[in-house]
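First up is the structure itself, then whatever we jot down about it.
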Amino acid sequence: MIVAIGVYAKVQKATDTVRDTFLIDPAVILIVVGVVMFFITFCGCIGALRENIRLLKTFSFSLTLVFLTQLAIAILGFFYSDQVSFVKKAIVHYRDDLDLQNLMDYIQKEFKCCGWNNYTDWSWNLYFNCTHNNPSSERCSVPYSCCTPVPGEAVINTMCGFGVQTQNFLEANKSIYPVGCADRAVRWIESHLLLVGALALGLALPQVSHRLMCNRGRSLHVMLDNVSKRGGY
C-alpha cells in the first residue's frame, strides 16, 4: 500500500523533480520505506511458515540493521543539528517541487516559524532572493505560510510576506513569524520529551523483542535438530 501510494504520488507530480531533491522527495521516501517493509515482513512470514533458517536470519539481521540505522540517525541528528542541508535544499527548490512546497508550508504553519535560522533564510531561494539584481516579483519576500493569521480573515492573503526581508526583526514580527524553525523544533522537543521518549521506546521495543525471539527460535531449532540427529543414531 505504501509503495502504491508513493508510486502514484511520483507519477502524478505536476512538475518534474530536479535531481538535487530526488533523495528528499516524499514520494521516493514512501517507495523506499514500503519496499523495505515488504522485504522484512516477507522474510519474517515466509521464514516462520517454512521454518527457513536463512530467511529468519535475514529477518533478524534486517531488524537489527533498521534499529541501528534509527539509532545512528538519532545520534547524528543530535550532534549535527546545526547542519541545514535538507532544509536548505527544501528552501532552494521551494518553487520547483510541489511536494516540498507543501511540506515547508505545513512545517512553518504548524511550528509558527519561518526559514531555518530566521526569515532571511528565504534568500536562499531564487525567487525570494533579496539581492538588487533579482528580477523576480517576489524579491525579498517570504512564503505566505510564514505570516501570522489575521483574525476573521476568510481568504488567505498569499502576498502577506512581500518585502518582509527588508524589514528588521521587530518590524517583521508584526506580520510574520520571524523565528527560525530550528529553534521552534528544539522548543517543541523540550516540551514534549515524554512523548518523544515514548515514541522512541515504542519503535525500539518491537524490533528488539523480535530480534530476541528470532535468536531464541533459532537456538530452539538447532537444539531440536541435534536431538533428532541423536535419536537417528
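Scheme for the C-alpha cells: letters A, B, ... for chains in order shown; per-chain residue numbers from 1; ligand numbers from 1 in order shown.
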May I have the residues within 8 Å of Phe162 of chain A as a list in words, using only C-alpha atoms and disregarding those fewer than 2 positions away in the same chain?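 Selected residues are Glu138, Arg139, Cys140, Ser141, Val142, Met159, Cys160 and Val164 of chain A.
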Could you turn the residues from that selection into a file that holds C-alpha atoms, as a PDB file, in the first residue's frame?
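Saved to out_36.pdb:
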```
ATOM      1  CA  GLU A 138       8.832  38.045  -5.105  1.00  0.00           C
ATOM      2  CA  ARG A 139      12.250  39.560  -4.320  1.00  0.00           C
ATOM      3  CA  CYS A 140      12.858  39.976  -0.566  1.00  0.00           C
ATOM      4  CA  SER A 141       9.596  38.159   0.206  1.00  0.00           C
ATOM      5  CA  VAL A 142       8.733  35.049   2.232  1.00  0.00           C
ATOM      6  CA  MET A 159       1.024  38.291  -0.692  1.00  0.00           C
ATOM      7  CA  CYS A 160       1.326  38.952   3.045  1.00  0.00           C
ATOM      8  CA  VAL A 164       9.463  41.305   4.605  1.00  0.00           C
TER       9      VAL A 164
END
```
Non-local contacts of Pro143 of chain A (8 Å; only C-alpha atoms; under 6 positions in same chain excluded) as a PyMOL selection string: chain A and resi 105+158+161
Can you tell me how far atom CA of Val179 of chain A sits from atom CA of Asn118 of chain A, in Å to one decimal?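 About the pair atom CA of Val179 of chain A and atom CA of Asn118 of chain A: they are 5.1 Å apart.
Residues surrounding Glu110 of chain A within 10 Å are Met104, Asp105, Tyr106, Ile107, Cys113, Ser145, Cys181 and Arg184 of chain A [only C-alpha atoms; sequence separation below 3 positions excluded].
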Extract the full set of helix (DSSP H, G or I) residues from segment 86-193 of chain A according to DSSP on the backbone, and format it as a PyMOL selection string. chain A and resi 86-92+98-111+119-124+144-146+164-166+169-172+181-191+193
Neighbouring residues of Trp116 of chain A were defined as those with any atom within 12 Å, considering only C-alpha atoms; residues of the same chain fewer than 4 positions away were excluded. Please report them as a count of residues only. 32
Nearby residues (only C-alpha atoms) at most 10 Å from Leu126 of chain A, same-chain spacing under 6 positions excluded, as a PyMOL selection string: chain A and resi 91-95+134-136+138-139
